[in-house]
$ cat target.txt   # compact mmCIF, C-alpha atoms
# COMPACT_ATOMS: atom_id res chain seq x y z
CA MET A 1 -17.93 31.94 -36.02
CA ARG A 2 -18.40 29.55 -33.15
CA PRO A 3 -21.01 30.43 -30.50
CA ASP A 4 -19.71 31.65 -27.17
CA ALA A 5 -18.48 28.80 -24.98
CA LEU A 6 -21.11 29.51 -22.36
CA THR A 7 -23.95 28.95 -24.83
CA ARG A 8 -25.52 25.65 -23.84
CA PRO A 9 -25.08 23.07 -26.61
CA ASP A 10 -28.08 21.28 -28.07
CA ASP A 11 -28.07 17.92 -26.27
CA ARG A 12 -30.15 16.32 -29.01
CA ALA A 13 -27.90 17.31 -31.90
CA PRO A 14 -25.22 14.81 -32.95
CA ILE A 15 -21.72 15.80 -31.86
CA ASP A 16 -19.30 16.34 -34.71
CA HIS A 17 -16.04 16.34 -32.73
CA LEU A 18 -15.52 15.17 -29.15
CA VAL A 19 -12.09 15.76 -27.63
CA ILE A 20 -11.11 13.80 -24.52
CA VAL A 21 -8.11 14.92 -22.48
CA GLY A 22 -6.69 11.86 -20.75
CA ASN A 23 -6.26 8.26 -21.84
CA GLY A 24 -6.82 6.36 -18.61
CA MET A 25 -9.45 3.80 -17.69
CA ALA A 26 -12.25 6.36 -17.46
CA ALA A 27 -11.53 7.80 -20.91
CA HIS A 28 -11.15 4.35 -22.46
CA ARG A 29 -14.46 3.15 -21.02
CA LEU A 30 -16.21 6.32 -22.12
CA VAL A 31 -15.07 5.85 -25.73
CA ALA A 32 -16.07 2.16 -25.68
CA THR A 33 -19.50 3.07 -24.29
CA LEU A 34 -20.02 5.84 -26.84
CA CYS A 35 -19.21 3.40 -29.63
CA SER A 36 -22.05 1.17 -28.46
CA LYS A 37 -24.62 3.97 -28.72
CA PRO A 38 -26.92 4.53 -31.72
CA ARG A 39 -25.71 8.11 -32.16
CA PRO A 40 -22.04 8.35 -31.17
CA PRO A 41 -19.96 11.44 -31.97
CA ARG A 42 -18.76 11.48 -35.58
CA ARG A 43 -15.14 12.01 -34.49
CA ILE A 44 -13.42 11.35 -31.17
CA THR A 45 -9.89 12.50 -30.41
CA VAL A 46 -8.21 11.19 -27.25
CA ILE A 47 -5.12 13.05 -26.04
CA GLY A 48 -3.03 11.12 -23.50
CA GLU A 49 0.06 12.46 -21.74
CA GLU A 50 1.37 8.93 -21.10
CA THR A 51 3.18 7.28 -24.02
CA SER A 52 1.61 3.86 -23.44
CA ALA A 53 -1.76 2.70 -24.71
CA ALA A 54 -4.63 2.61 -22.24
CA TYR A 55 -4.09 0.04 -19.49
CA ASN A 56 -5.87 -1.40 -16.46
CA ARG A 57 -4.51 0.50 -13.47
CA ILE A 58 -6.30 -1.87 -11.08
CA LEU A 59 -3.84 -4.59 -12.11
CA LEU A 60 -0.69 -2.59 -11.37
CA SER A 61 -0.44 -4.12 -7.87
CA PRO A 62 -0.53 -7.77 -8.98
CA TRP A 63 1.82 -6.93 -11.86
CA LEU A 64 4.29 -5.35 -9.43
CA ALA A 65 4.01 -8.52 -7.33
CA GLY A 66 5.03 -10.61 -10.37
CA GLU A 67 1.67 -12.35 -10.60
CA MET A 68 0.97 -11.48 -14.24
CA GLU A 69 2.67 -10.39 -17.44
CA ARG A 70 2.82 -6.80 -18.65
CA ASP A 71 0.55 -7.56 -21.64
CA ALA A 72 -2.27 -8.46 -19.24
CA LEU A 73 -2.59 -4.78 -18.33
CA ARG A 74 -3.59 -3.69 -21.83
CA LEU A 75 -7.21 -2.71 -22.29
CA PRO A 76 -9.06 -4.09 -25.33
CA GLY A 77 -9.45 -2.10 -28.52
CA TYR A 78 -12.71 -0.43 -29.48
CA THR A 79 -15.43 -2.20 -31.42
CA PRO A 80 -15.38 -0.82 -34.98
CA THR A 81 -18.09 1.78 -35.62
CA ASP A 82 -18.69 4.65 -38.01
CA THR A 83 -16.99 6.94 -35.49
CA HIS A 84 -13.46 7.98 -36.42
CA ILE A 85 -11.25 7.61 -33.32
CA GLU A 86 -7.82 9.20 -33.11
CA THR A 87 -5.52 8.60 -30.12
CA ARG A 88 -2.61 10.97 -29.61
CA LEU A 89 -0.14 9.51 -27.07
CA GLY A 90 2.68 11.29 -25.30
CA GLU A 91 0.99 14.64 -25.86
CA ARG A 92 -0.12 17.14 -23.25
CA VAL A 93 -2.81 19.79 -23.51
CA THR A 94 -1.26 23.12 -22.58
CA SER A 95 -4.25 25.43 -22.96
CA ILE A 96 -8.01 25.44 -23.45
CA ASP A 97 -9.60 28.34 -25.32
CA ARG A 98 -13.21 28.16 -24.20
CA ASP A 99 -14.41 31.06 -26.41
CA ALA A 100 -13.06 29.46 -29.57
CA ARG A 101 -13.64 25.92 -28.31
CA ARG A 102 -10.20 24.62 -29.07
CA VAL A 103 -7.27 23.06 -27.23
CA THR A 104 -3.55 23.47 -27.86
CA THR A 105 -0.96 20.81 -27.07
CA ASP A 106 2.73 20.83 -26.25
CA ARG A 107 3.44 19.72 -29.82
CA GLY A 108 1.90 22.91 -31.14
CA ALA A 109 -1.25 21.18 -32.41
CA THR A 110 -4.58 23.02 -32.21
CA LEU A 111 -7.81 21.02 -32.19
CA GLY A 112 -11.32 22.42 -32.27
CA TYR A 113 -14.07 20.69 -30.31
CA ASP A 114 -17.82 20.69 -30.04
CA ARG A 115 -17.61 19.01 -26.64
CA LEU A 116 -14.58 18.55 -24.41
CA VAL A 117 -14.16 15.91 -21.69
CA LEU A 118 -11.46 16.30 -19.04
CA ALA A 119 -10.46 12.86 -17.75
CA THR A 120 -7.01 13.76 -16.49
CA GLY A 121 -7.02 11.44 -13.47
CA SER A 122 -4.85 11.99 -10.41
CA ARG A 123 -1.32 11.65 -9.07
CA SER A 124 0.16 10.54 -5.78
CA ALA A 125 -0.18 13.15 -3.06
CA MET A 126 3.28 14.03 -1.75
CA PRO A 127 3.56 15.17 1.87
CA PRO A 128 5.23 18.56 2.54
CA VAL A 129 8.31 17.17 4.28
CA PRO A 130 12.00 17.79 3.62
CA GLY A 131 13.54 15.38 1.11
CA VAL A 132 10.35 14.37 -0.69
CA ALA A 133 11.89 15.38 -4.05
CA LEU A 134 15.00 13.19 -3.61
CA GLU A 135 15.88 10.49 -6.09
CA GLY A 136 14.53 7.14 -4.92
CA VAL A 137 11.26 8.61 -3.63
CA HIS A 138 8.32 7.29 -5.66
CA GLY A 139 4.58 7.47 -5.97
CA PHE A 140 2.52 4.43 -6.92
CA ARG A 141 -0.26 5.56 -9.19
CA ASP A 142 0.52 4.84 -12.83
CA LEU A 143 2.41 2.48 -15.11
CA GLY A 144 5.54 4.62 -14.98
CA ASP A 145 5.59 4.33 -11.18
CA ALA A 146 5.11 0.56 -11.34
CA GLU A 147 7.83 0.13 -13.95
CA THR A 148 10.28 2.20 -11.89
CA LEU A 149 9.58 0.16 -8.77
CA THR A 150 9.90 -3.11 -10.69
CA ARG A 151 13.34 -2.06 -11.92
CA ALA A 152 14.31 -1.08 -8.37
CA THR A 153 13.53 -4.55 -7.04
CA ARG A 154 16.20 -6.10 -9.28
CA HIS A 155 18.82 -4.85 -6.85
CA GLY A 156 16.98 -5.96 -3.70
CA GLY A 157 17.62 -3.66 -0.75
CA ARG A 158 15.34 -1.89 1.69
CA ALA A 159 12.10 -0.11 0.95
CA VAL A 160 9.89 1.99 3.19
CA VAL A 161 6.25 2.48 2.21
CA ILE A 162 4.53 5.53 3.71
CA GLY A 163 0.84 4.73 4.07
CA GLY A 164 -0.97 1.65 5.35
CA GLY A 165 -4.08 1.97 3.23
CA LEU A 166 -5.10 -0.05 0.18
CA LEU A 167 -2.47 1.22 -2.20
CA GLY A 168 0.35 1.27 0.32
CA LEU A 169 -0.19 -2.32 1.40
CA GLU A 170 -0.47 -3.53 -2.18
CA ALA A 171 2.77 -1.77 -3.10
CA ALA A 172 4.52 -3.12 0.00
CA GLU A 173 3.51 -6.70 -0.69
CA GLY A 174 4.54 -6.39 -4.33
CA LEU A 175 7.99 -5.15 -3.37
CA ARG A 176 8.33 -7.88 -0.74
CA LYS A 177 7.44 -10.57 -3.25
CA ARG A 178 10.08 -9.15 -5.58
CA GLY A 179 12.74 -9.67 -2.89
CA MET A 180 12.99 -6.39 -1.01
CA ARG A 181 12.94 -5.91 2.74
CA VAL A 182 9.90 -3.72 3.32
CA ARG A 183 8.66 -1.58 6.18
CA VAL A 184 5.21 0.05 6.18
CA ILE A 185 4.63 3.27 8.12
CA GLN A 186 1.01 3.97 9.05
CA ARG A 187 -0.07 7.18 10.80
CA SER A 188 -3.11 5.57 12.39
CA THR A 189 -3.17 2.95 15.14
CA CYS A 190 -4.33 0.31 12.67
CA LEU A 191 -4.04 -0.56 8.99
CA MET A 192 -6.72 0.55 6.54
CA ASN A 193 -8.35 2.58 9.31
CA ARG A 194 -10.93 4.02 6.89
CA GLN A 195 -12.27 0.58 5.97
CA LEU A 196 -11.52 -1.83 8.86
CA ASP A 197 -12.34 -2.08 12.52
CA VAL A 198 -9.64 -2.95 15.06
CA THR A 199 -10.20 -6.72 14.91
CA ALA A 200 -10.03 -7.02 11.12
CA ALA A 201 -7.04 -4.68 11.00
CA GLY A 202 -5.29 -6.86 13.57
CA LEU A 203 -5.92 -10.00 11.52
CA LEU A 204 -4.58 -8.29 8.41
CA ARG A 205 -1.50 -7.07 10.23
CA GLY A 206 -0.79 -10.53 11.61
CA GLU A 207 -1.02 -12.07 8.13
CA LEU A 208 1.25 -9.48 6.52
CA GLU A 209 3.83 -9.65 9.30
CA ALA A 210 3.88 -13.43 9.02
CA ARG A 211 4.83 -12.97 5.36
CA GLY A 212 7.77 -10.78 6.29
CA LEU A 213 6.49 -7.20 6.14
CA GLU A 214 7.46 -4.96 9.06
CA ILE A 215 4.60 -2.67 10.06
CA ILE A 216 4.91 0.42 12.21
CA THR A 217 1.67 2.09 13.32
CA ASP A 218 1.36 5.53 14.94
CA GLY A 219 4.30 6.46 12.72
CA HIS A 220 4.53 10.09 11.64
CA LEU A 221 6.90 11.01 8.83
CA SER A 222 9.26 13.84 9.72
CA GLU A 223 11.78 13.98 6.87
CA LEU A 224 13.62 11.97 4.24
CA GLU A 225 17.39 11.93 4.55
CA ASP A 226 19.72 12.84 1.67
CA ASN A 227 22.79 10.62 1.24
CA GLY A 228 24.77 13.66 0.15
CA HIS A 229 24.29 12.93 -3.55
CA GLY A 230 20.62 13.81 -3.97
CA ARG A 231 19.32 10.34 -3.19
CA VAL A 232 17.21 9.16 -0.26
CA CYS A 233 19.00 6.96 2.27
CA ALA A 234 16.72 6.97 5.31
CA VAL A 235 13.29 7.88 6.68
CA HIS A 236 13.01 9.90 9.89
CA LEU A 237 9.90 9.67 12.06
CA ALA A 238 8.60 12.21 14.54
CA ASP A 239 9.55 9.99 17.49
CA GLY A 240 13.20 10.17 16.46
CA SER A 241 13.37 6.80 14.70
CA ARG A 242 15.67 6.51 11.69
CA LEU A 243 14.87 3.79 9.14
CA ALA A 244 17.46 3.06 6.46
CA ALA A 245 15.91 3.02 2.98
CA ASP A 246 17.12 2.53 -0.59
CA HIS A 247 13.66 3.41 -1.89
CA VAL A 248 10.64 5.17 -0.39
CA VAL A 249 7.10 4.80 -1.75
CA ILE A 250 4.58 7.49 -0.87
CA ALA A 251 1.04 6.09 -0.76
CA THR A 252 -0.80 8.57 1.45
CA GLY A 253 -3.55 9.60 -0.95
CA ILE A 254 -4.12 11.15 -4.35
CA THR A 255 -4.22 14.66 -5.79
CA PRO A 256 -6.69 15.24 -8.67
CA ASN A 257 -5.07 16.60 -11.84
CA VAL A 258 -7.18 19.72 -11.81
CA GLU A 259 -4.69 22.10 -13.43
CA PRO A 260 -6.10 22.12 -17.03
CA GLY A 261 -9.57 22.96 -15.74
CA ARG A 262 -8.36 25.58 -13.30
CA ALA A 263 -6.18 27.25 -15.96
CA ALA A 264 -9.24 27.41 -18.24
CA GLY A 265 -11.21 29.24 -15.55
CA LEU A 266 -13.58 26.39 -14.71
CA ASP A 267 -15.13 26.24 -11.25
CA CYS A 268 -12.75 24.13 -9.16
CA ASP A 269 -12.39 23.13 -5.54
CA ARG A 270 -10.26 20.09 -4.69
CA ALA A 271 -11.13 18.93 -8.21
CA ILE A 272 -13.16 20.22 -11.17
CA ARG A 273 -16.74 20.75 -10.06
CA VAL A 274 -19.46 18.98 -12.05
CA ASP A 275 -23.23 18.69 -11.80
CA GLU A 276 -25.31 15.51 -11.94
CA ARG A 277 -24.75 15.35 -15.71
CA LEU A 278 -20.95 15.57 -15.34
CA THR A 279 -20.99 19.09 -16.80
CA THR A 280 -18.59 21.74 -15.54
CA SER A 281 -19.31 25.46 -15.19
CA ASP A 282 -18.87 25.58 -18.99
CA PRO A 283 -21.79 23.75 -20.69
CA ALA A 284 -19.51 22.48 -23.48
CA ILE A 285 -16.96 20.95 -21.09
CA HIS A 286 -17.39 17.85 -18.95
CA ALA A 287 -15.14 16.23 -16.36
CA LEU A 288 -14.99 12.56 -15.46
CA GLY A 289 -13.33 10.30 -12.91
CA GLU A 290 -10.60 11.21 -10.47
CA CYS A 291 -10.24 14.80 -11.70
CA CYS A 292 -13.89 15.72 -11.02
CA GLN A 293 -15.78 16.66 -7.87
CA PHE A 294 -19.50 16.06 -7.37
CA GLY A 295 -20.78 17.95 -4.36
CA SER A 296 -18.12 17.32 -1.73
CA SER A 297 -17.04 13.96 -3.18
CA THR A 298 -13.95 13.14 -5.20
CA PHE A 299 -13.25 9.67 -6.57
CA GLY A 300 -10.52 7.05 -6.46
CA LEU A 301 -12.42 3.79 -6.98
CA VAL A 302 -13.70 2.52 -10.31
CA GLU A 303 -17.31 1.71 -9.42
CA PRO A 304 -18.56 5.32 -9.11
CA ILE A 305 -16.48 6.28 -12.15
CA TRP A 306 -18.18 3.57 -14.24
CA GLN A 307 -21.52 5.05 -13.16
CA GLN A 308 -20.31 8.47 -14.27
CA VAL A 309 -19.33 7.02 -17.65
CA GLU A 310 -22.87 5.72 -18.21
CA VAL A 311 -24.39 9.10 -17.37
CA LEU A 312 -21.96 11.09 -19.52
CA ALA A 313 -22.22 8.71 -22.48
CA ALA A 314 -25.99 9.09 -22.41
CA ARG A 315 -25.66 12.87 -22.20
CA LEU A 316 -23.25 13.02 -25.14
CA THR A 317 -25.48 10.89 -27.37
CA GLY A 318 -28.77 12.64 -26.65
CA GLU A 319 -30.27 9.94 -24.44
CA ASP A 320 -32.34 10.65 -21.35
CA THR A 321 -30.45 10.07 -18.12
CA PRO A 322 -31.50 10.52 -14.48
CA GLY A 323 -28.06 11.94 -13.75
CA TYR A 324 -25.25 10.86 -11.49
CA ARG A 325 -25.83 10.22 -7.78
CA ASP A 326 -23.32 9.36 -5.11
CA HIS A 327 -23.64 5.78 -3.87
CA PRO A 328 -21.68 3.78 -1.30
CA THR A 329 -18.76 1.76 -2.63
CA ALA A 330 -17.13 -1.43 -1.43
CA THR A 331 -13.43 -2.05 -0.85
CA LYS A 332 -11.40 -5.14 -1.75
CA LEU A 333 -7.68 -5.62 -1.14
CA LYS A 334 -5.68 -6.87 -4.14
CA ILE A 335 -3.12 -8.97 -2.26
CA SER A 336 -2.87 -12.63 -3.20
CA GLY A 337 -4.04 -14.90 -0.38
CA VAL A 338 -5.75 -12.13 1.62
CA SER A 339 -9.54 -11.96 1.37
CA LEU A 340 -11.02 -8.72 2.62
CA TYR A 341 -14.27 -6.94 1.76
CA ALA A 342 -15.69 -3.84 3.45
CA PHE A 343 -18.23 -1.07 2.92
CA GLY A 344 -19.98 1.58 4.93
CA PRO A 345 -19.08 3.43 8.14
CA ILE A 346 -16.56 1.95 10.58
CA GLU A 347 -17.67 3.44 13.89
CA ALA A 348 -20.79 2.00 15.55
CA THR A 349 -23.28 4.50 16.91
CA PRO A 350 -25.87 3.97 19.67
CA ASP A 351 -28.59 3.24 17.11
CA HIS A 352 -26.63 0.46 15.43
CA ASP A 353 -27.17 -3.26 15.83
CA VAL A 354 -23.69 -4.81 16.01
CA LEU A 355 -23.36 -8.39 14.73
CA THR A 356 -19.99 -10.13 14.90
CA TYR A 357 -18.62 -13.56 14.00
CA HIS A 358 -15.04 -14.54 14.78
CA ASP A 359 -13.24 -17.81 14.15
CA PRO A 360 -9.56 -17.16 14.95
CA GLU A 361 -8.53 -20.70 14.07
CA GLN A 362 -9.79 -20.33 10.50
CA GLY A 363 -8.87 -16.65 10.30
CA GLU A 364 -12.46 -15.61 9.61
CA TYR A 365 -14.16 -12.51 10.90
CA ARG A 366 -17.40 -10.70 10.10
CA ARG A 367 -18.83 -7.57 11.65
CA LEU A 368 -22.07 -6.02 10.46
CA LEU A 369 -23.68 -2.78 11.55
CA LEU A 370 -27.46 -2.65 11.12
CA ARG A 371 -29.74 0.33 11.54
CA ASP A 372 -33.51 -0.27 11.73
CA GLY A 373 -32.96 -3.84 10.55
CA ARG A 374 -31.02 -2.79 7.44
CA VAL A 375 -27.32 -3.45 6.79
CA ASP A 376 -25.44 -0.17 7.12
CA SER A 377 -21.89 -1.50 6.89
CA ALA A 378 -19.87 -4.70 6.80
CA VAL A 379 -16.30 -5.79 7.44
CA LEU A 380 -15.46 -9.31 6.21
CA TYR A 381 -12.08 -10.97 6.56
CA GLY A 382 -11.17 -14.50 5.47
CA ASP A 383 -14.44 -15.72 3.99
CA THR A 384 -15.77 -12.81 1.94
CA ALA A 385 -18.21 -14.72 -0.27
CA MET A 386 -21.18 -12.87 1.25
CA GLY A 387 -19.67 -9.46 0.58
CA PRO A 388 -21.21 -8.54 -2.78
CA TRP A 389 -24.61 -9.90 -1.71
CA LEU A 390 -24.52 -7.91 1.55
CA PHE A 391 -23.53 -4.82 -0.39
CA ASP A 392 -26.51 -5.26 -2.73
CA GLN A 393 -28.86 -5.71 0.24
CA SER A 394 -27.47 -2.59 1.87
CA ARG A 395 -27.86 -0.56 -1.31
CA ASP A 396 -31.41 -1.86 -1.79
CA GLY A 397 -32.36 -1.11 1.83
CA THR A 398 -33.49 -4.68 2.58
CA ARG A 399 -35.00 -4.97 6.05
CA PHE A 400 -33.98 -8.27 7.66
CA GLY A 401 -36.22 -8.34 10.71
CA ALA A 402 -36.13 -11.77 12.36
CA ALA A 403 -33.54 -12.94 9.82
CA ARG A 404 -30.93 -10.58 11.22
CA ARG A 405 -29.05 -13.18 13.28
CA ALA A 406 -28.73 -15.52 10.30
CA LEU A 407 -26.62 -12.85 8.62
CA LEU A 408 -23.68 -14.14 10.65
CA LEU A 409 -24.14 -17.67 9.35
CA GLY A 410 -24.35 -17.13 5.62
CA GLN A 411 -26.33 -15.93 2.64
CA ALA A 412 -28.34 -19.13 2.11
CA ASP A 413 -29.57 -19.27 5.73
CA THR A 414 -30.49 -15.60 5.64
CA GLU A 415 -32.39 -15.84 2.36
CA THR A 416 -34.34 -18.83 3.68
CA LEU A 417 -35.45 -16.89 6.74
CA LEU A 418 -36.26 -13.85 4.63
CA ASP A 419 -38.51 -15.98 2.43
CA ASP A 420 -40.22 -17.51 5.49
CA ALA A 421 -40.67 -14.24 7.36
CA SER A 422 -40.79 -11.48 4.77
CA ASP A 423 -43.18 -9.48 6.92
CA ALA A 424 -41.22 -9.89 10.17
CA ALA A 425 -40.94 -6.94 12.53
CA PRO A 426 -37.72 -4.93 12.47
CA ALA A 427 -35.00 -5.88 14.90
CA THR A 428 -34.53 -3.96 18.11
CA THR A 429 -31.69 -1.51 17.78
CA SER A 430 -28.71 -1.01 20.07
CA ALA A 431 -28.26 -4.78 20.43
CA THR A 432 -25.10 -6.81 20.04
CA ASP A 433 -24.95 -10.39 18.78
CA THR A 434 -21.67 -12.27 18.73
CA ILE A 435 -20.69 -15.71 17.55
CA ASP A 436 -17.18 -16.52 18.73
CA GLN A 437 -15.97 -19.90 17.52
CA GLU A 438 -13.08 -19.89 19.95
CA ALA A 439 -15.41 -19.48 22.93
CA ALA A 440 -17.85 -22.00 21.53

$ encode --input "target.txt" --output "structure tokens"
Amino acid sequence: MRPDALTRPDDRAPIDHLVIVGNGMAAHRLVATLCSKPRPPRRITVIGEETSAAYNRILLSPWLAGEMERDALRLPGYTPTDTHIETRLGERVTSIDRDARRVTTDRGATLGYDRLVLATGSRSAMPPVPGVALEGVHGFRDLGDAETLTRATRHGGRAVVIGGGLLGLEAAEGLRKRGMRVRVIQRSTCLMNRQLDVTAAGLLRGELEARGLEIITDGHLSELEDNGHGRVCAVHLADGSRLAADHVVIATGITPNVEPGRAAGLDCDRAIRVDERLTTSDPAIHALGECCQFGSSTFGLVEPIWQQVEVLAARLTGEDTPGYRDHPTATKLKISGVSLYAFGPIEATPDHDVLTYHDPEQGEYRRLLLRDGRVDSAVLYGDTAMGPWLFDQSRDGTRFGAARRALLLGQADTETLLDDASDAAPATTSATDTIDQEAA
């Protein structure tokens, strides 16, 4: 008889059978990482609801834009090991019996597990407005969404994208490049308001409008109009505007696929709650990626999820691990010809140093917020070469002191000053430095 599900498993004992629910990027990377460990599970079964093999969701935007072939999305196979790996595609887990430690699928299969990982991902969040279930209304989250939108572009026509964040803009540009007339509706006063300040958002808007996108800010969706045959034909905004549409893409956020965990009685909030070892309220069940919640945080970017994979792989193979910790993440926009890099808070506070560089002629802009001589956030548009280096310095807590002003000029100048004045005093806060090429 199996021990009760709430009995904590022996972390040092080899795992006989690991079952992973979900076959997305997080699950694929977890299996690949486990295969590289000295003591991987003896058997791994991956159950994926999608019928396609694991693919790179990050590349869906450039694929929609016609910039790469479908085969480029496929993730590589696993390196051969002694672990037996079975992948069951097009199959959905319908129940989890925690007492017996087994899952049942919609095909009637029952699989026992020693450890279970829920990596069920997320779906597009659909706003509660009339008409959202009409034909022609799409999300943009997985391969099925991208394939549907690609087919839609063959007939041209008009598309309205709801949401001016990362995913919405990438979808809009992809549809435009495929020949559709595209409008973007953004609730905020500026695009990507969670990542960009007003100046960078204005530069981005100008570039996208020059390409042919129509952008409406302060736009609040009211309803989607039915053409009388169950298909969307127009978007209505709260100000009374009516925008004709053959297709509508909803890109206003994501909803974690928490249902399997909630149905099994796991502790859930917006997503499935996990501790620093990616363990749920059941010691034999873990959650990973977009379906999990650590503290108050849920996840939609790959960098924190890759960190979670490392922690969970160590846990599942009996290695010591310090556990997962939330860290800042950086944002890049995947639109060809647009270079944008941002991290950290957007709003400057009284204790921030504000450093800005703006060259309108070259389309370059940099704004850094420093606190106590350390980089707290950055917005880079145009020339983003410094972005990853600035992000590393911010994460490491580097104090720039007298080298602070050189941050506007470039990495090489800054590093030279840091080497020459490593013991410099911290910069005075609440100051503002600006280099404006137009004024110069």

$ atom_distance --input "target.txt" --atom1 "atom CA of A:Gly240" --atom2 "atom CA of A:Ala152"
27.3 Å

$ closest_residue --input "target.txt" --among "A:Pro80, A:Pro388, A:Pro14, A:Gly131" --to "A:Gly230" --atoms "only C-alpha atoms"
A:Gly131

$ closest_residue --input "target.txt" --among "A:Gly112, A:Gly202, A:Gly318, A:Pro304" --to "A:Lys37" --atoms "only C-alpha atoms"
A:Gly318

$ residues_around --input "target.txt" --residues "stretch 164-181 of chain A" --least-positions-apart "5" --cutoff "8 Å" --atoms "all atoms listed in the file" --output "ChimeraX atom specification"
/A:61-62,64-66,140,149-150,153-154,156-159,186-187,191-193,212-213,249-252,333-335

$ atom_distance --input "target.txt" --atom1 "atom CA of A:Asp114" --atom2 "atom CA of A:His17"
5.4 Å

$ residues_near_point --input "target.txt" --point "(-0.3, 10.2, -31.2)" --cutoff "12 Å" --atoms "all atoms listed in the file" --output "PyMOL selection string"
chain A and resi 23+45-53+85-92+105+107+109

$ closest_atom_pairs --input "target.txt" --of "stretch 68-137 of chain A" --to "stretch 285-290 of chain A" --cutoff "7 Å" --atoms "all atoms listed in the file" --output "CSV"
residue,atom,partner,partner_atom,distance
A:Arg115,CA,A:Ile285,CA,5.9
A:Leu116,CA,A:Ile285,CA,4.7
A:Val117,CA,A:His286,CA,4.7
A:Leu118,CA,A:Ala287,CA,4.6
A:Ala119,CA,A:Leu288,CA,5.1
A:Gly121,CA,A:Glu290,CA,4.7
A:Ser122,CA,A:Glu290,CA,5.8

$ residues_around --input "target.txt" --residues "stretch 215-227 of chain A" --least-positions-apart "5" --cutoff "10 Å" --atoms "only C-alpha atoms" --output "ChimeraX atom specification"
/A:127-135,137,160-164,169,182-191,205-206,208-209,232-245,248

$ write_last_selection --input "target.txt" --atoms "C-alpha atoms" --output "PDB file, in the frame of the given file"
ATOM      1  CA  PRO A 127       3.560  15.170   1.870  1.00  0.00           C
ATOM      2  CA  PRO A 128       5.230  18.560   2.540  1.00  0.00           C
ATOM      3  CA  VAL A 129       8.310  17.170   4.280  1.00  0.00           C
ATOM      4  CA  PRO A 130      12.000  17.790   3.620  1.00  0.00           C
ATOM      5  CA  GLY A 131      13.540  15.380   1.110  1.00  0.00           C
ATOM      6  CA  VAL A 132      10.350  14.370  -0.690  1.00  0.00           C
ATOM      7  CA  ALA A 133      11.890  15.380  -4.050  1.00  0.00           C
ATOM      8  CA  LEU A 134      15.000  13.190  -3.610  1.00  0.00           C
ATOM      9  CA  GLU A 135      15.880  10.490  -6.090  1.00  0.00           C
ATOM     10  CA  VAL A 137      11.260   8.610  -3.630  1.00  0.00           C
ATOM     11  CA  VAL A 160       9.890   1.990   3.190  1.00  0.00           C
ATOM     12  CA  VAL A 161       6.250   2.480   2.210  1.00  0.00           C
ATOM     13  CA  ILE A 162       4.530   5.530   3.710  1.00  0.00           C
ATOM     14  CA  GLY A 163       0.840   4.730   4.070  1.00  0.00           C
ATOM     15  CA  GLY A 164      -0.970   1.650   5.350  1.00  0.00           C
ATOM     16  CA  LEU A 169      -0.190  -2.320   1.400  1.00  0.00           C
ATOM     17  CA  VAL A 182       9.900  -3.720   3.320  1.00  0.00           C
ATOM     18  CA  ARG A 183       8.660  -1.580   6.180  1.00  0.00           C
ATOM     19  CA  VAL A 184       5.210   0.050   6.180  1.00  0.00           C
ATOM     20  CA  ILE A 185       4.630   3.270   8.120  1.00  0.00           C
ATOM     21  CA  GLN A 186       1.010   3.970   9.050  1.00  0.00           C
ATOM     22  CA  ARG A 187      -0.070   7.180  10.800  1.00  0.00           C
ATOM     23  CA  SER A 188      -3.110   5.570  12.390  1.00  0.00           C
ATOM     24  CA  THR A 189      -3.170   2.950  15.140  1.00  0.00           C
ATOM     25  CA  CYS A 190      -4.330   0.310  12.670  1.00  0.00           C
ATOM     26  CA  LEU A 191      -4.040  -0.560   8.990  1.00  0.00           C
ATOM     27  CA  ARG A 205      -1.500  -7.070  10.230  1.00  0.00           C
ATOM     28  CA  GLY A 206      -0.790 -10.530  11.610  1.00  0.00           C
ATOM     29  CA  LEU A 208       1.250  -9.480   6.520  1.00  0.00           C
ATOM     30  CA  GLU A 209       3.830  -9.650   9.300  1.00  0.00           C
ATOM     31  CA  VAL A 232      17.210   9.160  -0.260  1.00  0.00           C
ATOM     32  CA  CYS A 233      19.000   6.960   2.270  1.00  0.00           C
ATOM     33  CA  ALA A 234      16.720   6.970   5.310  1.00  0.00           C
ATOM     34  CA  VAL A 235      13.290   7.880   6.680  1.00  0.00           C
ATOM     35  CA  HIS A 236      13.010   9.900   9.890  1.00  0.00           C
ATOM     36  CA  LEU A 237       9.900   9.670  12.060  1.00  0.00           C
ATOM     37  CA  ALA A 238       8.600  12.210  14.540  1.00  0.00           C
ATOM     38  CA  ASP A 239       9.550   9.990  17.490  1.00  0.00           C
ATOM     39  CA  GLY A 240      13.200  10.170  16.460  1.00  0.00           C
ATOM     40  CA  SER A 241      13.370   6.800  14.700  1.00  0.00           C
ATOM     41  CA  ARG A 242      15.670   6.510  11.690  1.00  0.00           C
ATOM     42  CA  LEU A 243      14.870   3.790   9.140  1.00  0.00           C
ATOM     43  CA  ALA A 244      17.460   3.060   6.460  1.00  0.00           C
ATOM     44  CA  ALA A 245      15.910   3.020   2.980  1.00  0.00           C
ATOM     45  CA  VAL A 248      10.640   5.170  -0.390  1.00  0.00           C
TER      46      VAL A 248
END

$ closest_residue --input "target.txt" --among "A:Thr148, A:Asn257, A:Thr317, A:Gln307" --to "A:Leu34" --atoms "only C-alpha atoms"
A:Thr317

$ residues_around --input "target.txt" --residues "A:Ala263" --least-positions-apart "2" --cutoff "12 Å" --atoms "all atoms listed in the file" --output "PyMOL selection string"
chain A and resi 93-98+257-261+265-268+272

$ closest_residue --input "target.txt" --among "A:Val19, A:Leu390, A:Met25, A:Val31" --to "A:Ala313" --atoms "only C-alpha atoms"
A:Val31
